[in-house]
$ cat structure.cif   # mmCIF, C-alpha atoms and all ligand atoms
data_query
#
loop_
_atom_site.label_atom_id
_atom_site.label_comp_id
_atom_site.auth_asym_id
_atom_site.auth_seq_id
_atom_site.Cartn_x
_atom_site.Cartn_y
_atom_site.Cartn_z
CA MET A 1 -28.09 -3.18 11.10
CA HIS A 2 -29.04 -2.19 7.55
CA SER A 3 -32.73 -1.66 6.79
CA LEU A 4 -32.48 -4.50 4.24
CA ASP A 5 -30.97 -6.75 6.95
CA PRO A 6 -28.99 -9.21 4.78
CA ALA A 7 -27.80 -11.02 7.91
CA ALA A 8 -31.34 -12.18 8.71
CA HIS A 9 -31.54 -13.77 5.26
CA LEU A 10 -28.17 -15.51 5.68
CA THR A 11 -29.30 -16.83 9.06
CA ARG A 12 -32.48 -18.25 7.47
CA VAL A 13 -30.47 -20.01 4.73
CA ARG A 14 -28.17 -21.57 7.31
CA ALA A 15 -31.06 -22.64 9.52
CA THR A 16 -33.14 -24.20 6.74
CA THR A 17 -30.57 -25.74 4.31
CA PRO A 18 -32.83 -25.07 1.30
CA LEU A 19 -33.00 -27.64 -1.49
CA VAL A 20 -32.09 -25.76 -4.69
CA HIS A 21 -32.99 -27.47 -7.96
CA ASN A 22 -30.74 -26.32 -10.82
CA ILE A 23 -30.99 -26.89 -14.53
CA THR A 24 -27.65 -25.32 -15.30
CA ASN A 25 -24.86 -25.65 -17.85
CA HIS A 26 -22.14 -28.30 -18.19
CA VAL A 27 -19.45 -25.81 -17.10
CA ALA A 28 -21.25 -24.68 -13.94
CA MET A 29 -22.54 -28.05 -12.76
CA ASN A 30 -19.70 -28.82 -10.33
CA PRO A 31 -18.58 -25.33 -9.17
CA MET A 32 -22.18 -24.25 -8.60
CA ALA A 33 -22.92 -27.31 -6.45
CA ASN A 34 -19.78 -26.65 -4.40
CA VAL A 35 -20.69 -22.97 -3.92
CA LEU A 36 -24.19 -23.94 -2.73
CA LEU A 37 -22.78 -26.53 -0.33
CA ALA A 38 -20.24 -24.01 1.02
CA LEU A 39 -23.07 -21.54 1.62
CA GLY A 40 -25.07 -24.13 3.55
CA ALA A 41 -27.71 -25.01 0.95
CA SER A 42 -28.47 -28.38 -0.65
CA PRO A 43 -27.97 -28.35 -4.45
CA ALA A 44 -29.45 -30.84 -6.91
CA MET A 45 -28.72 -30.78 -10.64
CA VAL A 46 -31.77 -32.43 -12.25
CA HIS A 47 -32.22 -32.04 -16.00
CA ALA A 48 -34.29 -34.80 -17.58
CA ARG A 49 -37.64 -33.68 -18.91
CA GLU A 50 -39.10 -36.88 -17.46
CA GLU A 51 -38.54 -35.60 -13.89
CA ALA A 52 -37.83 -31.84 -14.01
CA ALA A 53 -41.38 -30.74 -13.17
CA GLU A 54 -41.79 -33.28 -10.37
CA PHE A 55 -38.48 -32.27 -8.82
CA ALA A 56 -39.14 -28.53 -9.10
CA ALA A 57 -42.30 -28.94 -7.05
CA LEU A 58 -40.26 -30.55 -4.22
CA ALA A 59 -37.55 -27.90 -4.10
CA GLY A 60 -37.26 -24.72 -2.04
CA ALA A 61 -36.16 -22.87 -5.18
CA LEU A 62 -35.40 -23.56 -8.86
CA THR A 63 -32.72 -21.99 -11.06
CA LEU A 64 -32.63 -22.14 -14.87
CA ASN A 65 -29.45 -21.35 -16.80
CA ILE A 66 -29.16 -21.31 -20.61
CA GLY A 67 -25.33 -21.54 -20.73
CA THR A 68 -25.04 -24.82 -22.67
CA LEU A 69 -28.57 -25.15 -23.92
CA SER A 70 -30.18 -27.88 -26.03
CA PRO A 71 -33.80 -28.16 -27.19
CA HIS A 72 -34.48 -31.05 -24.79
CA TRP A 73 -33.11 -29.08 -21.83
CA LEU A 74 -35.14 -26.04 -22.83
CA ASP A 75 -38.32 -28.14 -22.76
CA ALA A 76 -37.32 -29.47 -19.33
CA MET A 77 -36.77 -25.87 -18.15
CA ASP A 78 -40.20 -24.88 -19.43
CA ASP A 79 -41.81 -27.80 -17.56
CA ALA A 80 -39.85 -27.05 -14.39
CA ALA A 81 -40.72 -23.33 -14.43
CA ARG A 82 -44.43 -24.06 -14.83
CA ALA A 83 -44.34 -26.64 -12.02
CA ALA A 84 -42.43 -24.26 -9.75
CA THR A 85 -44.92 -21.47 -10.34
CA ALA A 86 -47.85 -23.82 -9.72
CA ALA A 87 -46.24 -25.00 -6.45
CA GLY A 88 -45.38 -21.46 -5.31
CA THR A 89 -41.66 -22.23 -5.62
CA PRO A 90 -39.54 -19.16 -6.49
CA TRP A 91 -37.28 -19.48 -9.51
CA VAL A 92 -34.29 -17.67 -10.99
CA LEU A 93 -33.44 -17.15 -14.65
CA ASP A 94 -29.74 -16.84 -15.60
CA PRO A 95 -29.77 -15.74 -19.26
CA VAL A 96 -26.18 -16.69 -20.13
CA ALA A 97 -25.02 -15.06 -23.40
CA VAL A 98 -28.66 -14.41 -24.29
CA GLY A 99 -27.75 -11.83 -26.94
CA ALA A 100 -25.33 -14.09 -28.81
CA THR A 101 -27.58 -16.24 -31.00
CA ARG A 102 -31.16 -16.52 -32.18
CA PHE A 103 -31.65 -19.77 -30.22
CA ARG A 104 -30.63 -18.02 -26.99
CA ARG A 105 -32.78 -14.94 -27.69
CA GLU A 106 -35.82 -17.15 -28.31
CA ALA A 107 -35.06 -19.25 -25.23
CA GLY A 108 -34.67 -16.10 -23.14
CA ASP A 109 -38.02 -14.76 -24.33
CA ARG A 110 -39.74 -18.11 -23.77
CA LEU A 111 -38.48 -18.43 -20.17
CA LEU A 112 -39.11 -14.75 -19.43
CA ALA A 113 -42.77 -15.26 -20.39
CA LEU A 114 -43.03 -17.91 -17.63
CA ALA A 115 -42.58 -15.21 -14.95
CA PRO A 116 -39.27 -15.80 -13.13
CA SER A 117 -39.06 -14.47 -9.57
CA VAL A 118 -35.55 -13.14 -10.22
CA ILE A 119 -33.43 -12.59 -13.33
CA ARG A 120 -29.66 -12.49 -12.60
CA GLY A 121 -27.17 -11.71 -15.34
CA ASN A 122 -24.21 -9.57 -16.24
CA ALA A 123 -24.88 -6.14 -17.78
CA SER A 124 -24.60 -7.29 -21.41
CA GLU A 125 -27.10 -10.09 -20.76
CA ILE A 126 -29.63 -7.83 -19.05
CA LEU A 127 -29.34 -5.24 -21.84
CA ALA A 128 -29.84 -7.99 -24.45
CA LEU A 129 -32.83 -9.51 -22.66
CA ALA A 130 -34.42 -6.14 -21.91
CA GLU A 131 -33.87 -4.26 -25.13
CA ARG A 132 -31.87 -6.39 -27.60
CA THR A 133 -28.74 -4.23 -27.12
CA GLY A 134 -25.43 -5.14 -25.49
CA GLY A 135 -24.52 -8.49 -27.04
CA GLY A 136 -21.46 -9.05 -24.83
CA ARG A 137 -18.49 -11.27 -25.71
CA GLY A 138 -20.02 -14.73 -25.51
CA VAL A 139 -20.69 -15.40 -21.82
CA ASP A 140 -18.66 -12.35 -20.71
CA SER A 141 -19.95 -8.82 -20.34
CA THR A 142 -18.72 -5.85 -22.34
CA ALA A 143 -20.88 -3.40 -20.36
CA ALA A 144 -21.08 -2.21 -16.75
CA PRO A 145 -24.14 -2.44 -14.46
CA GLU A 146 -24.29 1.37 -14.25
CA GLY A 147 -25.21 1.46 -17.96
CA ALA A 148 -28.04 -1.05 -17.47
CA GLU A 149 -29.97 0.65 -14.63
CA ALA A 150 -32.86 1.95 -16.73
CA ALA A 151 -33.08 -1.28 -18.77
CA ALA A 152 -33.09 -3.38 -15.58
CA ALA A 153 -35.82 -1.27 -13.96
CA SER A 154 -38.02 -1.39 -17.03
CA LEU A 155 -37.45 -5.16 -17.40
CA ALA A 156 -38.45 -5.59 -13.75
CA ARG A 157 -41.65 -3.60 -14.25
CA ARG A 158 -42.52 -5.41 -17.47
CA SER A 159 -41.82 -8.94 -16.18
CA GLY A 160 -42.71 -8.63 -12.50
CA ALA A 161 -39.29 -10.12 -11.66
CA VAL A 162 -36.56 -8.73 -9.46
CA VAL A 163 -33.62 -8.00 -11.78
CA ALA A 164 -30.02 -8.32 -10.56
CA VAL A 165 -27.21 -6.97 -12.75
CA THR A 166 -23.70 -7.98 -11.69
CA GLY A 167 -20.25 -6.62 -12.41
CA GLU A 168 -17.80 -4.48 -10.48
CA ARG A 169 -20.68 -2.97 -8.51
CA ASP A 170 -23.94 -4.95 -8.66
CA LEU A 171 -27.44 -3.53 -8.78
CA VAL A 172 -30.79 -5.04 -7.86
CA THR A 173 -34.17 -3.58 -8.74
CA ASP A 174 -37.82 -4.55 -8.51
CA GLY A 175 -38.80 -1.62 -10.71
CA THR A 176 -39.55 0.58 -7.69
CA ARG A 177 -36.52 0.17 -5.44
CA LEU A 178 -32.90 -0.01 -6.56
CA ALA A 179 -30.03 -1.29 -4.44
CA ARG A 180 -26.33 -1.09 -5.25
CA VAL A 181 -24.03 -3.73 -3.81
CA ALA A 182 -20.29 -2.97 -3.72
CA GLY A 183 -17.52 -5.45 -2.96
CA GLY A 184 -16.35 -8.62 -4.62
CA HIS A 185 -12.96 -8.85 -6.33
CA PRO A 186 -11.54 -8.39 -9.86
CA LEU A 187 -10.56 -12.09 -9.89
CA MET A 188 -14.23 -13.15 -9.76
CA PRO A 189 -14.82 -12.84 -13.53
CA ARG A 190 -11.54 -14.78 -14.03
CA VAL A 191 -13.03 -17.92 -12.49
CA THR A 192 -15.61 -19.64 -14.67
CA ALA A 193 -19.16 -20.16 -13.47
CA LEU A 194 -18.98 -17.83 -10.47
CA GLY A 195 -21.87 -15.86 -12.00
CA CYS A 196 -23.86 -19.06 -12.59
CA SER A 197 -23.10 -20.11 -9.01
CA LEU A 198 -24.35 -16.74 -7.77
CA SER A 199 -27.67 -17.40 -9.49
CA GLY A 200 -27.85 -20.60 -7.44
CA VAL A 201 -27.08 -18.64 -4.29
CA VAL A 202 -29.90 -16.22 -5.16
CA GLY A 203 -32.17 -19.29 -5.36
CA ALA A 204 -31.05 -20.41 -1.90
CA PHE A 205 -31.84 -16.96 -0.46
CA LEU A 206 -35.27 -16.88 -2.17
CA ALA A 207 -36.42 -20.11 -0.54
CA GLY A 208 -38.79 -19.15 2.26
CA ALA A 209 -38.18 -15.39 1.79
CA GLU A 210 -41.07 -12.94 2.00
CA ASP A 211 -39.39 -10.16 -0.01
CA PRO A 212 -37.53 -11.43 -3.10
CA PHE A 213 -35.87 -8.03 -3.55
CA ALA A 214 -34.34 -8.06 -0.05
CA ALA A 215 -33.42 -11.76 -0.42
CA THR A 216 -31.60 -11.06 -3.70
CA VAL A 217 -29.72 -8.11 -2.20
CA ALA A 218 -28.70 -10.34 0.72
CA ALA A 219 -27.44 -13.04 -1.67
CA LEU A 220 -25.35 -10.55 -3.63
CA ALA A 221 -24.04 -8.91 -0.46
CA SER A 222 -22.96 -12.29 0.95
CA TYR A 223 -21.18 -13.07 -2.32
CA ALA A 224 -19.51 -9.64 -2.37
CA VAL A 225 -18.18 -9.94 1.17
CA ALA A 226 -16.95 -13.51 0.61
CA GLY A 227 -15.31 -12.39 -2.65
CA GLU A 228 -13.55 -9.50 -0.96
CA GLN A 229 -12.22 -11.77 1.77
CA ALA A 230 -11.13 -14.45 -0.72
CA GLY A 231 -9.27 -11.80 -2.70
CA GLU A 232 -7.10 -11.03 0.32
CA ALA A 233 -5.91 -14.66 0.46
CA ALA A 234 -5.64 -15.41 -3.28
CA ARG A 235 -2.55 -15.34 -5.52
CA GLY A 236 -4.52 -15.78 -8.76
CA PRO A 237 -7.72 -17.36 -10.16
CA GLY A 238 -6.86 -20.90 -8.98
CA SER A 239 -6.27 -20.06 -5.33
CA PHE A 240 -9.16 -17.56 -5.49
CA ALA A 241 -11.63 -20.31 -6.40
CA VAL A 242 -10.58 -22.32 -3.34
CA ALA A 243 -10.41 -19.29 -1.02
CA PHE A 244 -13.86 -18.20 -2.16
CA LEU A 245 -15.48 -21.51 -1.12
CA ASP A 246 -13.75 -21.23 2.26
CA ALA A 247 -14.83 -17.58 2.70
CA LEU A 248 -18.45 -18.33 1.83
CA HIS A 249 -18.45 -21.26 4.25
CA ALA A 250 -16.92 -19.09 7.02
CA LEU A 251 -19.18 -16.08 6.43
CA ASP A 252 -21.36 -15.33 9.45
CA ALA A 253 -24.18 -12.89 10.08
CA THR A 254 -22.00 -10.47 12.10
CA THR A 255 -19.27 -10.30 9.44
CA LEU A 256 -21.91 -9.79 6.75
CA THR A 257 -23.52 -6.91 8.66
CA GLU A 258 -20.13 -5.27 9.29
CA HIS A 259 -18.79 -5.59 5.74
CA ALA A 260 -21.84 -5.35 3.43
CA ARG A 261 -21.70 -2.14 1.40
CA LEU A 262 -25.25 -1.37 0.28
CA GLU A 263 -27.06 1.68 -1.02
CA LEU A 264 -30.84 1.81 -1.36
CA THR A 265 -32.56 4.31 -3.63
CA ASP A 266 -35.54 4.70 -5.97
CA ALA A 267 -35.46 2.92 -9.33
CA PRO A 268 -35.14 5.20 -12.39
N1 LIG B 1 -14.52 -6.27 -11.48
C1 LIG B 1 -15.18 -6.86 -10.47
N2 LIG B 1 -14.92 -6.51 -9.20
C2 LIG B 1 -15.56 -7.09 -8.17
N3 LIG B 1 -16.49 -8.06 -8.31
C3 LIG B 1 -16.80 -8.46 -9.56
C4 LIG B 1 -16.18 -7.88 -10.71
N4 LIG B 1 -16.70 -8.46 -11.81
C5 LIG B 1 -17.61 -9.36 -11.38
N5 LIG B 1 -17.68 -9.36 -10.03
C6 LIG B 1 -18.53 -10.22 -9.19
O1 LIG B 1 -18.51 -11.52 -9.73
C7 LIG B 1 -19.75 -12.18 -9.54
C8 LIG B 1 -20.24 -12.73 -10.88
O2 LIG B 1 -20.64 -11.63 -11.65
P1 LIG B 1 -20.41 -11.50 -13.22
O3 LIG B 1 -18.97 -11.71 -13.55
O4 LIG B 1 -21.03 -10.21 -13.62
O5 LIG B 1 -21.31 -12.69 -13.74
P2 LIG B 1 -21.17 -13.60 -15.02
O6 LIG B 1 -20.08 -14.57 -14.64
O7 LIG B 1 -22.49 -14.24 -15.17
O8 LIG B 1 -20.77 -12.72 -16.18
C9 LIG B 1 -20.67 -11.14 -8.90
O9 LIG B 1 -20.68 -11.36 -7.50
C10 LIG B 1 -19.99 -9.81 -9.21
O10 LIG B 1 -20.25 -8.83 -8.23
C1 LIG B 2 -17.80 -20.66 -20.26
C2 LIG B 2 -19.21 -21.03 -20.46
N1 LIG B 2 -19.68 -21.41 -21.69
C3 LIG B 2 -20.97 -21.70 -21.69
S1 LIG B 2 -21.67 -21.54 -20.17
C4 LIG B 2 -20.21 -21.05 -19.48
C5 LIG B 2 -20.07 -20.70 -18.05
C6 LIG B 2 -20.39 -19.26 -17.82
O1 LIG B 2 -20.30 -18.98 -16.44
P1 LIG B 2 -20.44 -17.51 -15.89
O2 LIG B 2 -21.62 -16.88 -16.57
O3 LIG B 2 -20.68 -17.69 -14.45
O4 LIG B 2 -19.16 -16.79 -16.20
MG MG B 3 -23.09 -15.66 -16.43
#
$ encode --input "structure.cif" --output "structure tokens"
Amino acid sequence: MHSLDPAAHLTRVRATTPLVHNITNHVAMNPMANVLLALGASPAMVHAREEAAEFAALAGALTLNIGTLSPHWLDAMDDAARAATAAGTPWVLDPVAVGATRFRREAGDRLLALAPSVIRGNASEILALAERTGGGRGVDSTAAPEGAEAAAASLARRSGAVVAVTGERDLVTDGTRLARVAGGHPLMPRVTALGCSLSGVVGAFLAGAEDPFAATVAALASYAVAGEQAGEAARGPGSFAVAFLDALHALDATTLTEHARLELTDAP
């Protein structure tokens, strides 16, 4: 068993079926809900400002995603984040394409100031949020997680959040510890919203977790193992998307322990 024990986190998710409240983008709405259901969580996509705060306080975790943002949604996200924090509900920020436009940069800064528990993005997004470099190509990354280690660690220290940077090999840091998570499959960035869906999965693992760093590593490790297994069955992005849901659904604690490829070290 690994010292981070991702299997214990997966077992908790399965035993508790956490309610995950998501204010996500139009593209991710359906795939993200299906990924959360396949995992064994209970997703709810609730956006209206009139109810976002009330709902966030009921949920086991909240996730905020700026992929297809509008001013009204941003206000709802602000309300939801404040309500989550007040209720002790952990929340995840997914800063989709945060470097692309001024609206996204300002939204990223505004949500960052509300103290997310975890920030999960690709390397270009984390570089843009942390230090205004690495604009990416729209929602896609043009950088690798290896090049964002120092930026992620300093963002984690500055914000108090756990920062997860995904790509071919993911990294997770709380500013003190740094974990690398290998696995996944090259078809994953060829299926839209799999990163957004992963942010939802991080939310599911945060619900009821004592250590958000270990919970985030467990979420990414579960995704990596399911991705690897789906890749063995897939013939291209279409069959991968289906195989991935099946693999996540079938993933059990023993398989996760056997196949998770994790490294734990000190943050830079
Ligand atoms: N080349 C790759 N090989 C294996 N896994 C990958 C690769 N690129 C991305 N992934 C995986 O895809 C998932 C989504 O990550 P990513 O593509 O970085 O997010 P986003 O869609 O937000 O840009 C993560 O689990 C990540 O590990
Ligand atoms: C294509 C697209 N456009 C705006 S949001 C979005 C989905 C991005 O999903 P992911 O970050 O998981 O690739
Ligand atoms: Mg993304």
$ residues_near_ligand --input "structure.cif" --ligand "ligand LIG 2 (chain B)" --cutoff "7 Å" --atoms "all atoms listed in the file" --output "JSON, numbers by chain"
{"A": [25, 27, 28, 67, 68, 96, 139, 140, 189, 192, 193, 194, 195, 196, 197]}
$ residues_near_ligand --input "structure.cif" --ligand "ligand LIG 1 (chain B)" --cutoff "9 Å" --atoms "all atoms listed in the file" --output "ChimeraX atom specification"
/A:94-97,120-125,139-141,144-145,165-171,181-199,220-224,227-228
$ closest_residue --input "structure.cif" --among "A:His21, A:Arg137, A:His47, A:Arg14" --to "ligand MG 3 (chain B)" --atoms "only C-alpha atoms and all ligand atoms"
A:Arg137
$ closest_residue --input "structure.cif" --among "A:Val35, A:Ala44, A:Ile66, A:Ala267" --to "A:Glu106" --atoms "all atoms listed in the file"
A:Ile66
$ atom_distance --input "structure.cif" --atom1 "atom CA of A:Val163" --atom2 "atom CA of A:Asn65"
14.9 Å
$ atom_distance --input "structure.cif" --atom1 "atom CA of A:Ala230" --atom2 "atom CA of A:Asp246"
7.9 Å
$ decode --input "structure.cif" --residues "stretch 116-140 of chain A" --atoms "N, CA, C and O atoms" --output "short mmCIF file (atom, residue, chain, number, x, y, z; two decimals), in the first residue's frame"
data_model
loop_
_atom_site.label_atom_id
_atom_site.label_comp_id
_atom_site.auth_asym_id
_atom_site.auth_seq_id
_atom_site.Cartn_x
_atom_site.Cartn_y
_atom_site.Cartn_z
N PRO A 116 -9.92 28.85 -2.90
CA PRO A 116 -10.29 27.48 -3.27
C PRO A 116 -9.48 26.46 -2.46
O PRO A 116 -8.35 26.75 -2.05
N SER A 117 -10.07 25.28 -2.25
CA SER A 117 -9.34 24.19 -1.58
C SER A 117 -8.32 23.61 -2.55
O SER A 117 -7.22 23.23 -2.14
N VAL A 118 -8.73 23.47 -3.82
CA VAL A 118 -7.87 22.89 -4.85
C VAL A 118 -8.03 23.69 -6.14
O VAL A 118 -9.14 24.13 -6.46
N ILE A 119 -6.93 23.90 -6.85
CA ILE A 119 -6.96 24.46 -8.20
C ILE A 119 -6.47 23.35 -9.12
O ILE A 119 -5.39 22.79 -8.89
N ARG A 120 -7.28 22.99 -10.14
CA ARG A 120 -6.86 21.94 -11.08
C ARG A 120 -6.91 22.50 -12.49
O ARG A 120 -7.96 22.94 -12.95
N GLY A 121 -5.77 22.52 -13.16
CA GLY A 121 -5.75 22.98 -14.54
C GLY A 121 -4.63 22.32 -15.31
O GLY A 121 -3.81 21.59 -14.74
N ASN A 122 -4.61 22.58 -16.63
CA ASN A 122 -3.46 22.10 -17.40
C ASN A 122 -2.29 23.07 -17.15
O ASN A 122 -2.44 24.12 -16.49
N ALA A 123 -1.12 22.73 -17.69
CA ALA A 123 0.09 23.50 -17.35
C ALA A 123 -0.01 24.95 -17.80
O ALA A 123 0.39 25.87 -17.07
N SER A 124 -0.55 25.19 -19.00
CA SER A 124 -0.66 26.57 -19.48
C SER A 124 -1.57 27.39 -18.55
O SER A 124 -1.29 28.57 -18.27
N GLU A 125 -2.65 26.77 -18.07
CA GLU A 125 -3.58 27.49 -17.18
C GLU A 125 -2.93 27.81 -15.84
O GLU A 125 -3.09 28.92 -15.31
N ILE A 126 -2.19 26.86 -15.29
CA ILE A 126 -1.56 27.11 -13.99
C ILE A 126 -0.46 28.17 -14.13
O ILE A 126 -0.34 29.06 -13.27
N LEU A 127 0.29 28.13 -15.23
CA LEU A 127 1.31 29.16 -15.45
C LEU A 127 0.65 30.53 -15.59
O LEU A 127 1.14 31.53 -15.05
N ALA A 128 -0.47 30.59 -16.31
CA ALA A 128 -1.16 31.88 -16.51
C ALA A 128 -1.73 32.41 -15.20
O ALA A 128 -1.62 33.59 -14.90
N LEU A 129 -2.32 31.53 -14.41
CA LEU A 129 -2.92 31.96 -13.14
C LEU A 129 -1.83 32.37 -12.14
O LEU A 129 -1.97 33.35 -11.41
N ALA A 130 -0.73 31.62 -12.16
CA ALA A 130 0.32 31.84 -11.15
C ALA A 130 1.19 33.04 -11.49
O ALA A 130 1.55 33.82 -10.61
N GLU A 131 1.53 33.16 -12.78
CA GLU A 131 2.53 34.19 -13.10
C GLU A 131 2.32 34.87 -14.44
O GLU A 131 3.25 35.44 -14.99
N ARG A 132 1.06 34.76 -14.98
CA ARG A 132 0.71 35.48 -16.21
C ARG A 132 1.56 35.06 -17.42
O ARG A 132 1.69 35.80 -18.38
N THR A 133 2.18 33.85 -17.34
CA THR A 133 2.88 33.33 -18.52
C THR A 133 2.09 32.13 -19.02
O THR A 133 1.15 31.68 -18.36
N GLY A 134 2.47 31.58 -20.19
CA GLY A 134 1.87 30.33 -20.64
C GLY A 134 0.42 30.45 -21.02
O GLY A 134 -0.44 29.83 -20.41
N GLY A 135 0.12 31.24 -22.04
CA GLY A 135 -1.28 31.48 -22.43
C GLY A 135 -2.03 30.26 -22.93
O GLY A 135 -3.23 30.18 -22.82
N GLY A 136 -1.33 29.26 -23.47
CA GLY A 136 -2.00 28.08 -24.02
C GLY A 136 -2.62 28.36 -25.38
O GLY A 136 -2.48 29.45 -25.94
N ARG A 137 -3.32 27.36 -25.92
CA ARG A 137 -4.05 27.52 -27.18
C ARG A 137 -5.53 27.37 -26.84
O ARG A 137 -6.05 26.26 -26.84
N GLY A 138 -6.17 28.47 -26.47
CA GLY A 138 -7.55 28.39 -26.00
C GLY A 138 -7.61 27.51 -24.76
O GLY A 138 -6.90 27.75 -23.78
N VAL A 139 -8.44 26.46 -24.81
CA VAL A 139 -8.60 25.60 -23.63
C VAL A 139 -7.52 24.53 -23.55
O VAL A 139 -7.43 23.80 -22.56
N ASP A 140 -6.67 24.44 -24.60
CA ASP A 140 -5.65 23.38 -24.62
C ASP A 140 -4.30 23.92 -24.14
O ASP A 140 -3.99 25.11 -24.31
#
